[in-house]
file coords-v6.pdb (PDB, C-alpha atoms and all ligand atoms)
ATOM      1  CA  MET A  22     113.915-116.817 194.719
ATOM      2  CA  HIS A  23     112.988-113.217 194.098
ATOM      3  CA  ILE A  24     109.343-112.574 194.916
ATOM      4  CA  GLU A  25     107.766-109.435 193.570
ATOM      5  CA  ARG A  26     106.301-106.967 196.061
ATOM      6  CA  ILE A  27     102.639-106.392 195.263
ATOM      7  CA  LEU A  28     100.783-105.687 198.493
ATOM      8  CA  TYR A  29      99.962-102.382 200.218
ATOM      9  CA  ASP A  30      98.871-101.573 203.731
ATOM     10  CA  THR A  31      96.331 -98.839 203.177
ATOM     11  CA  HIS A  32      95.448 -97.409 206.570
ATOM     12  CA  MET A  33      97.854 -95.867 209.086
ATOM     13  CA  HIS A  34      98.255 -92.738 211.133
ATOM     14  CA  THR A  35     100.913 -90.206 212.099
ATOM     15  CA  PRO A  36     101.641 -88.218 215.269
ATOM     16  CA  MET A  37      99.614 -85.376 213.737
ATOM     17  CA  CYS A  38      96.498 -87.394 214.614
ATOM     18  CA  LEU A  39      97.565 -86.966 218.277
ATOM     19  CA  HIS A  40      96.919 -90.607 219.133
ATOM     20  CA  ALA A  41      99.493 -92.436 216.982
ATOM     21  CA  ASP A  42     103.277 -92.830 217.161
ATOM     22  CA  GLY A  43     105.863 -93.011 214.428
ATOM     23  CA  GLU A  44     106.813 -90.906 211.434
ATOM     24  CA  PRO A  45     105.676 -91.945 207.954
ATOM     25  CA  GLU A  46     109.315 -92.957 207.281
ATOM     26  CA  GLU A  47     109.137 -95.454 210.160
ATOM     27  CA  TYR A  48     105.890 -96.960 208.872
ATOM     28  CA  ALA A  49     107.592 -97.233 205.474
ATOM     29  CA  ALA A  50     110.562 -99.062 207.004
ATOM     30  CA  ALA A  51     108.223-101.517 208.750
ATOM     31  CA  ALA A  52     106.327-102.106 205.499
ATOM     32  CA  TYR A  53     109.551-102.691 203.591
ATOM     33  CA  ALA A  54     110.623-105.297 206.132
ATOM     34  CA  ARG A  55     107.269-107.078 205.738
ATOM     35  CA  GLY A  56     107.687-107.355 201.978
ATOM     36  CA  LEU A  57     105.043-104.799 201.031
ATOM     37  CA  LYS A  58     105.127-102.798 197.832
ATOM     38  CA  GLY A  59     103.770 -99.689 199.457
ATOM     39  CA  ILE A  60     101.741 -97.930 202.106
ATOM     40  CA  VAL A  61      99.012 -95.345 202.157
ATOM     41  CA  ILE A  62      99.244 -92.891 205.049
ATOM     42  CA  THR A  63      95.703 -92.007 206.090
ATOM     43  CA  GLY A  64      95.778 -89.255 208.691
ATOM     44  CA  HIS A  65      92.412 -88.162 210.009
ATOM     45  CA  PHE A  66      90.892 -85.549 207.734
ATOM     46  CA  PRO A  67      90.697 -82.226 209.587
ATOM     47  CA  PHE A  68      87.310 -80.998 210.656
ATOM     48  CA  PRO A  69      86.716 -77.443 211.919
ATOM     49  CA  LYS A  70      88.692 -76.448 214.995
ATOM     50  CA  ASN A  71      87.842 -78.265 218.227
ATOM     51  CA  TRP A  72      85.572 -80.717 216.442
ATOM     52  CA  ASN A  73      87.529 -83.598 217.910
ATOM     53  CA  PRO A  74      90.661 -83.325 220.048
ATOM     54  CA  LEU A  75      92.179 -86.373 218.281
ATOM     55  CA  ARG A  76      92.435 -84.844 214.820
ATOM     56  CA  MET A  77      94.788 -82.415 213.111
ATOM     57  CA  ASN A  78      93.398 -78.931 212.552
ATOM     58  CA  GLU A  79      92.633 -77.575 209.099
ATOM     59  CA  ASP A  80      95.667 -75.311 209.135
ATOM     60  CA  GLN A  81      97.901 -78.363 209.655
ATOM     61  CA  LEU A  82      96.845 -80.085 206.452
ATOM     62  CA  PRO A  83      99.689 -78.647 204.312
ATOM     63  CA  ALA A  84     102.207 -79.848 206.925
ATOM     64  CA  TYR A  85     100.631 -83.310 206.804
ATOM     65  CA  VAL A  86     100.856 -83.449 203.017
ATOM     66  CA  ALA A  87     104.490 -82.338 203.240
ATOM     67  CA  ARG A  88     105.264 -84.972 205.870
ATOM     68  CA  VAL A  89     103.922 -87.757 203.656
ATOM     69  CA  GLY A  90     105.812 -86.242 200.713
ATOM     70  CA  ARG A  91     109.074 -86.361 202.678
ATOM     71  CA  ALA A  92     108.598 -90.075 203.326
ATOM     72  CA  ARG A  93     107.699 -90.636 199.675
ATOM     73  CA  ASP A  94     110.954 -88.978 198.599
ATOM     74  CA  ALA A  95     113.048 -90.803 201.203
ATOM     75  CA  TRP A  96     111.694 -94.192 200.089
ATOM     76  CA  ARG A  97     111.521 -93.574 196.346
ATOM     77  CA  ASN A  98     112.543 -96.686 194.336
ATOM     78  CA  ARG A  99     112.197 -98.949 197.376
ATOM     79  CA  LEU A 100     108.690 -98.500 198.738
ATOM     80  CA  ASP A 101     105.709 -96.662 197.286
ATOM     81  CA  VAL A 102     104.442 -94.140 199.876
ATOM     82  CA  ARG A 103     101.047 -92.633 199.071
ATOM     83  CA  LEU A 104      98.899 -89.802 200.377
ATOM     84  CA  GLY A 105      95.556 -90.719 201.849
ATOM     85  CA  LEU A 106      93.085 -89.439 204.424
ATOM     86  CA  GLU A 107      90.622 -91.070 206.756
ATOM     87  CA  CYS A 108      87.534 -88.900 206.674
ATOM     88  CA  ASP A 109      84.769 -89.028 209.258
ATOM     89  CA  TYR A 110      81.367 -89.259 207.677
ATOM     90  CA  TRP A 111      78.936 -86.910 209.395
ATOM     91  CA  PRO A 112      75.383 -86.687 208.068
ATOM     92  CA  GLY A 113      74.685 -83.167 206.831
ATOM     93  CA  LEU A 114      78.321 -82.233 206.175
ATOM     94  CA  GLU A 115      78.581 -84.009 202.805
ATOM     95  CA  SER A 116      78.999 -80.928 200.637
ATOM     96  CA  TRP A 117      81.473 -79.318 203.027
ATOM     97  CA  ILE A 118      83.553 -82.534 203.074
ATOM     98  CA  GLY A 119      83.392 -82.773 199.283
ATOM     99  CA  GLY A 120      84.565 -79.180 198.916
ATOM    100  CA  GLN A 121      87.466 -79.683 201.299
ATOM    101  CA  LEU A 122      88.597 -82.936 199.653
ATOM    102  CA  ALA A 123      88.503 -81.350 196.209
ATOM    103  CA  ARG A 124      91.082 -78.785 197.336
ATOM    104  CA  ILE A 125      93.741 -81.381 198.153
ATOM    105  CA  PRO A 126      95.922 -82.173 195.134
ATOM    106  CA  ASP A 127      97.453 -85.608 194.489
ATOM    107  CA  LEU A 128      95.277 -87.457 196.940
ATOM    108  CA  ASP A 129      95.552 -91.220 196.386
ATOM    109  CA  TYR A 130      92.913 -92.579 198.703
ATOM    110  CA  VAL A 131      90.089 -91.501 201.002
ATOM    111  CA  LEU A 132      88.561 -93.763 203.620
ATOM    112  CA  GLY A 133      85.026 -92.977 204.722
ATOM    113  CA  SER A 134      84.624 -93.790 208.406
ATOM    114  CA  VAL A 135      81.899 -93.647 210.979
ATOM    115  CA  HIS A 136      83.612 -93.399 214.366
ATOM    116  CA  PRO A 137      81.583 -93.979 217.503
ATOM    117  CA  ILE A 138      83.472 -91.126 219.204
ATOM    118  CA  PRO A 139      81.876 -89.205 222.095
ATOM    119  CA  ARG A 140      80.728 -86.410 219.808
ATOM    120  CA  TYR A 141      78.972 -88.900 217.532
ATOM    121  CA  ILE A 142      77.354 -90.760 220.416
ATOM    122  CA  GLU A 143      76.090 -87.520 221.966
ATOM    123  CA  ARG A 144      74.624 -86.333 218.718
ATOM    124  CA  PHE A 145      73.033 -89.496 217.338
ATOM    125  CA  TRP A 146      72.449 -92.119 219.972
ATOM    126  CA  THR A 147      69.306 -92.677 221.973
ATOM    127  CA  GLY A 148      68.845 -95.021 224.899
ATOM    128  CA  ASP A 149      68.151 -98.090 222.771
ATOM    129  CA  VAL A 150      71.379 -99.936 222.038
ATOM    130  CA  LEU A 151      69.968-101.974 219.145
ATOM    131  CA  ALA A 152      68.629 -98.831 217.492
ATOM    132  CA  ASN A 153      72.058 -97.211 217.914
ATOM    133  CA  GLN A 154      73.792-100.177 216.346
ATOM    134  CA  ARG A 155      71.387-100.176 213.408
ATOM    135  CA  LEU A 156      71.856 -96.438 212.953
ATOM    136  CA  TYR A 157      75.612 -96.915 212.825
ATOM    137  CA  PHE A 158      75.237 -99.269 209.833
ATOM    138  CA  GLU A 159      72.818 -96.866 208.219
ATOM    139  CA  HIS A 160      75.417 -94.102 208.515
ATOM    140  CA  ALA A 161      78.077 -96.392 206.997
ATOM    141  CA  ARG A 162      75.715 -97.003 204.076
ATOM    142  CA  MET A 163      75.072 -93.254 203.750
ATOM    143  CA  ALA A 164      78.847 -92.667 203.730
ATOM    144  CA  ALA A 165      79.171 -95.084 200.792
ATOM    145  CA  GLU A 166      76.334 -93.407 198.930
ATOM    146  CA  THR A 167      77.937 -89.948 199.102
ATOM    147  CA  GLY A 168      80.438 -91.077 196.472
ATOM    148  CA  LEU A 169      83.062 -89.001 198.285
ATOM    149  CA  PHE A 170      85.173 -91.934 199.461
ATOM    150  CA  ASP A 171      87.030 -94.873 197.931
ATOM    151  CA  THR A 172      86.310 -97.328 200.732
ATOM    152  CA  VAL A 173      84.031 -97.743 203.725
ATOM    153  CA  ALA A 174      86.370 -98.277 206.683
ATOM    154  CA  HIS A 175      85.915-100.772 209.532
ATOM    155  CA  LEU A 176      82.236-101.442 208.784
ATOM    156  CA  ASP A 177      81.248-102.978 212.121
ATOM    157  CA  MET A 178      83.442-100.935 214.459
ATOM    158  CA  VAL A 179      80.350-100.129 216.494
ATOM    159  CA  LYS A 180      80.699-103.592 218.042
ATOM    160  CA  ILE A 181      83.640-102.439 220.127
ATOM    161  CA  MET A 182      81.659 -99.562 221.667
ATOM    162  CA  THR A 183      78.633-101.716 222.448
ATOM    163  CA  ARG A 184      80.527-104.897 223.257
ATOM    164  CA  LYS A 185      78.324-106.045 226.139
ATOM    165  CA  ASN A 186      75.229-105.755 223.977
ATOM    166  CA  TRP A 187      76.712-107.029 220.738
ATOM    167  CA  ASP A 188      74.714-109.792 219.097
ATOM    168  CA  GLN A 189      75.384-109.821 215.380
ATOM    169  CA  THR A 190      72.500-112.202 214.666
ATOM    170  CA  ARG A 191      70.041-109.510 215.779
ATOM    171  CA  LEU A 192      71.575-107.120 213.251
ATOM    172  CA  MET A 193      72.079-109.297 210.201
ATOM    173  CA  ASP A 194      69.000-107.948 208.425
ATOM    174  CA  ALA A 195      70.285-104.387 208.823
ATOM    175  CA  ILE A 196      73.792-105.482 207.842
ATOM    176  CA  ARG A 197      72.545-107.265 204.705
ATOM    177  CA  GLN A 198      70.611-104.173 203.664
ATOM    178  CA  THR A 199      73.722-102.074 204.269
ATOM    179  CA  LEU A 200      75.805-104.435 202.124
ATOM    180  CA  ASP A 201      73.194-104.421 199.336
ATOM    181  CA  ARG A 202      73.392-100.648 199.205
ATOM    182  CA  ILE A 203      77.200-100.562 199.396
ATOM    183  CA  ALA A 204      77.384-103.134 196.590
ATOM    184  CA  ALA A 205      75.085-100.936 194.481
ATOM    185  CA  THR A 206      77.552 -98.036 194.793
ATOM    186  CA  ARG A 207      80.286-100.334 193.421
ATOM    187  CA  MET A 208      82.727 -98.997 195.959
ATOM    188  CA  ALA A 209      85.067-101.060 198.101
ATOM    189  CA  MET A 210      84.997-101.969 201.748
ATOM    190  CA  GLU A 211      87.957-102.171 204.071
ATOM    191  CA  VAL A 212      88.984-105.352 205.846
ATOM    192  CA  SER A 213      90.887-104.146 208.872
ATOM    193  CA  THR A 214      93.114-106.242 211.076
ATOM    194  CA  ALA A 215      92.906-103.556 213.790
ATOM    195  CA  GLY A 216      89.991-105.497 215.257
ATOM    196  CA  LEU A 217      92.369-108.403 215.923
ATOM    197  CA  ARG A 218      94.395-106.138 218.225
ATOM    198  CA  THR A 219      91.435-105.045 220.335
ATOM    199  CA  GLY A 220      89.311-106.738 222.980
ATOM    200  CA  MET A 221      87.058-108.648 220.590
ATOM    201  CA  LYS A 222      89.982-110.124 218.642
ATOM    202  CA  GLU A 223      87.912-110.151 215.494
ATOM    203  CA  LEU A 224      88.400-108.501 212.109
ATOM    204  CA  TYR A 225      86.493-105.410 211.082
ATOM    205  CA  PRO A 226      84.194-106.599 209.672
ATOM    206  CA  SER A 227      83.512-110.088 211.038
ATOM    207  CA  THR A 228      83.919-113.273 208.996
ATOM    208  CA  GLU A 229      80.174-113.606 208.542
ATOM    209  CA  ILE A 230      79.952-110.078 207.132
ATOM    210  CA  LEU A 231      82.888-110.867 204.833
ATOM    211  CA  ARG A 232      80.948-113.884 203.514
ATOM    212  CA  GLU A 233      77.968-111.642 202.833
ATOM    213  CA  ALA A 234      80.285-109.137 201.136
ATOM    214  CA  LYS A 235      81.618-111.895 198.876
ATOM    215  CA  ALA A 236      78.080-112.915 197.960
ATOM    216  CA  ARG A 237      77.674-109.359 196.642
ATOM    217  CA  ASP A 238      81.173-109.160 195.109
ATOM    218  CA  ILE A 239      82.128-106.112 197.141
ATOM    219  CA  PRO A 240      85.869-105.474 196.624
ATOM    220  CA  LEU A 241      87.935-105.509 199.812
ATOM    221  CA  VAL A 242      90.916-103.311 200.626
ATOM    222  CA  LEU A 243      93.279-104.823 203.188
ATOM    223  CA  ALA A 244      94.631-102.627 205.978
ATOM    224  CA  SER A 245      96.005-102.647 209.509
ATOM    225  CA  ASP A 246      94.875 -99.192 210.738
ATOM    226  CA  ALA A 247      98.370 -98.953 212.228
ATOM    227  CA  HIS A 248      98.869 -96.523 215.075
ATOM    228  CA  LYS A 249     102.492 -97.648 215.539
ATOM    229  CA  PRO A 250     105.004 -98.821 212.920
ATOM    230  CA  GLU A 251     104.956-102.373 214.318
ATOM    231  CA  HIS A 252     101.248-102.623 213.466
ATOM    232  CA  VAL A 253     101.999-102.424 209.728
ATOM    233  CA  ALA A 254     100.710-105.534 207.915
ATOM    234  CA  PHE A 255      99.501-106.900 211.262
ATOM    235  CA  LYS A 256      98.191-110.451 210.781
ATOM    236  CA  PHE A 257      97.970-110.007 207.020
ATOM    237  CA  GLU A 258      98.879-113.685 206.394
ATOM    238  CA  GLU A 259      95.951-115.162 208.290
ATOM    239  CA  THR A 260      93.604-112.480 206.997
ATOM    240  CA  LEU A 261      94.491-113.235 203.367
ATOM    241  CA  ASP A 262      93.944-116.944 204.123
ATOM    242  CA  LEU A 263      90.550-116.138 205.585
ATOM    243  CA  LEU A 264      89.583-114.028 202.567
ATOM    244  CA  GLN A 265      90.476-116.968 200.364
ATOM    245  CA  ASP A 266      88.372-119.238 202.583
ATOM    246  CA  VAL A 267      85.321-117.023 202.125
ATOM    247  CA  GLY A 268      85.853-117.081 198.363
ATOM    248  CA  TYR A 269      87.907-114.028 197.439
ATOM    249  CA  THR A 270      90.713-114.444 194.886
ATOM    250  CA  HIS A 271      91.744-110.759 194.926
ATOM    251  CA  THR A 272      91.951-107.846 197.273
ATOM    252  CA  ALA A 273      92.100-104.266 196.061
ATOM    253  CA  VAL A 274      94.166-101.147 196.482
ATOM    254  CA  CYS A 275      93.260 -97.577 195.524
ATOM    255  CA  LEU A 276      95.973 -95.345 194.090
ATOM    256  CA  ASN A 277      95.311 -91.980 192.436
ATOM    257  CA  ARG A 278      91.768 -92.687 193.616
ATOM    258  CA  LYS A 279      91.500 -95.609 191.195
ATOM    259  CA  ARG A 280      91.026 -99.187 192.286
ATOM    260  CA  HIS A 281      93.365-102.014 191.254
ATOM    261  CA  ALA A 282      93.002-105.727 191.956
ATOM    262  CA  VAL A 283      95.731-107.653 193.801
ATOM    263  CA  PRO A 284      95.821-111.478 193.522
ATOM    264  CA  ILE A 285      95.671-112.958 197.008
ATOM    265  CA  ALA A 286      97.821-116.005 196.256
ATOM    266  CA  LEU A 287     100.714-113.836 195.054
ATOM    267  CA  ALA A 288     100.191-111.313 197.846
ATOM    268  CA  ARG A 289     100.343-114.079 200.407
ATOM    269  CA  ARG A 290     103.684-115.311 199.055
ATOM    270  CA  SER A 291     105.164-111.821 198.891
ATOM    271  CA  LEU A 292     104.848-111.222 202.631
ATOM    272  CA  ARG A 293     107.903-111.578 204.810
ATOM    273  CA  ALA A 294     107.941-112.444 208.459
ATOM    274  CA  THR A 295     109.826-110.103 210.761
ATOM    275  CA  ALA A 296     111.189-110.678 214.239
ATOM    276  CA  SER A 297     108.073-109.119 215.770
ATOM    277  CA  GLY A 298     105.816-111.165 213.468
TER     278      GLY A 298
HETATM  279 ZN    ZN A 301      88.917 -95.201 211.814
HETATM  280 ZN    ZN A 302      92.317 -95.097 211.364
END
call {"tool": "encode", "arguments": {"input": "coords-v6.pdb", "output": "structure tokens", "more": "lines below"}}
Ligand SMILES: [Zn+2]
Ligand SMILES: [Zn+2]
result
Amino acid sequence: MHIERILYDTHMHTPMCLHADGEPEEYAAAAYARGLKGIVITGHFPFPKNWNPLRMNEDQLPAYVARVGRARDAWRNRLDVRLGLECDYWPGLESWIGGQLARIPDLDYVLGSVHPIPRYIERFWTGDVLANQRLYFEHARMAAETGLFDTVAHLDMVKIMTRKNWDQTRLMDAIRQTLDRIAATRMAMEVSTAGLRTGMKELYPSTEILREAKARDIPLVLASDAHKPEHVAFKFEETLDLLQDVGYTHTAVCLNRKRHAVPIALARRSLRATASG
């Protein structure tokens, strides 16, 4: 029986990010094999030179856009390849980020991310690990409230950097406040299977946070944060099942910076297993 492709993987990188392998065409091929309708390539948005060694520079942005465009053309009529960016949120740089984003034509999707990278830790963290964890969620909330992004990425990624001192129960009040504020912006949150590939083997965000998100009807955008083509649609089946368990009937995808709902039951059936799973 022919099953319609309806699902996208909305977060993946390219070699221009300097820490990912595989051309956009290869991610597209992996997505096609998994039964997806499309992908959004989300290279890290360039900050000023030397801001972070694992980002493209500003002058490379046109080459990035062209690289995604090449994959879009190569896969036309088979797989929908879209242009996105993953943008670090950095308190105080909101208007600069907004100005830069506005200059990029035909952008489909922008993730807002707080990354606990060394530069961030140096700038914002004090000695108190609980205070640092709470601040991370506050920054995620501030990212949502800028209105610059379509989705808040990997909401509880801070857990991986503070793994030894991670106790979600101590943070639930801060997390609930964060979710209240994100819900008020009416923007979406990402559910990322990348967490299932790392040491904690847990989604970003955790199941309990997803339950709290459902209680507030925060739309969720499904993604793998692929850094290799074989990561595309990583563990999407079990993640869709889990989203259904916590009460979601739809996920979401943002194209042309507009959000569309995707029925989970149909999405689940449209996925195809591959040899690598
Ligand atoms: Zn990220
Ligand atoms: Zn990423």
call {"tool": "residues_near_ligand", "arguments": {"input": "coords-v6.pdb", "ligand": "ligand ZN 301 (chain A)", "cutoff": "9 Å", "atoms": "all atoms listed in the file", "output": "PyMOL selection string"}}
result
chain A and resi 32+65+107-109+132-136+174-175+178+246
call {"tool": "resolve_selection", "arguments": {"input": "coords-v6.pdb", "expression": "the PyMOL selection byres (((chain A and resi 165-170) around 9) and not hetatm)", "output": "JSON, numbers by chain"}}
result
{"A": [108, 115, 118, 119, 122, 130, 131, 132, 133, 160, 161, 162, 163, 164, 171, 172, 173, 202, 203, 205, 206, 208, 209, 278]}
call {"tool": "resolve_selection", "arguments": {"input": "coords-v6.pdb", "expression": "the PyMOL selection byres (((chain A and resi 212) around 7) and not hetatm)", "output": "list in words"}}
result
His175, Met210, Glu211, Ser213, Thr214, Tyr225, Pro226, Leu241, Val242, Leu243 and Ala244 of chain A
call {"tool": "residues_around", "arguments": {"input": "coords-v6.pdb", "residues": "A:Phe145", "least_positions_apart": "2", "cutoff": "12 Å", "atoms": "all atoms listed in the file", "output": "number ranges by chain"}}
result
A: 111-112, 135-143, 147-150, 152-157, 159-160
call {"tool": "residues_near_point", "arguments": {"input": "coords-v6.pdb", "point": "(93.9, -116.3, 202.3)", "cutoff": "12 Å", "atoms": "all atoms listed in the file", "output": "number ranges by chain"}}
result
A: 243, 256-272, 284-290
call {"tool": "residues_near_point", "arguments": {"input": "coords-v6.pdb", "point": "(90.4, -73.5, 209.9)", "cutoff": "7 Å", "atoms": "only C-alpha atoms", "output": "short mmCIF file (atom, residue, chain, number, x, y, z; two decimals) with C-alpha atoms, in the frame of the given file"}}
result
data_model
loop_
_atom_site.label_atom_id
_atom_site.label_comp_id
_atom_site.auth_asym_id
_atom_site.auth_seq_id
_atom_site.Cartn_x
_atom_site.Cartn_y
_atom_site.Cartn_z
CA PRO A 69 86.72 -77.44 211.92
CA LYS A 70 88.69 -76.45 215.00
CA ASN A 78 93.40 -78.93 212.55
CA GLU A 79 92.63 -77.58 209.10
CA ASP A 80 95.67 -75.31 209.14
#
call {"tool": "resolve_selection", "arguments": {"input": "coords-v6.pdb", "expression": "the PyMOL selection byres (((chain A and resi 76) around 10) and not hetatm)", "output": "list in words"}}
result
Pro36, Met37, Cys38, Leu39, His40, Gly64, His65, Phe66, Pro67, Phe68, Pro69, Lys70, Asn71, Trp72, Asn73, Pro74, Leu75, Met77, Asn78, Glu79 and Gln81 of chain A
call {"tool": "residues_around", "arguments": {"input": "coords-v6.pdb", "residues": "A:Arg237", "least_positions_apart": "2", "cutoff": "10 Å", "atoms": "all atoms listed in the file", "output": "list of chain:residue names"}}
result
A:Arg197, A:Leu200, A:Asp201, A:Ile203, A:Ala204, A:Ala205, A:Arg207, A:Leu231, A:Arg232, A:Glu233, A:Ala234, A:Lys235, A:Ile239, A:Pro240
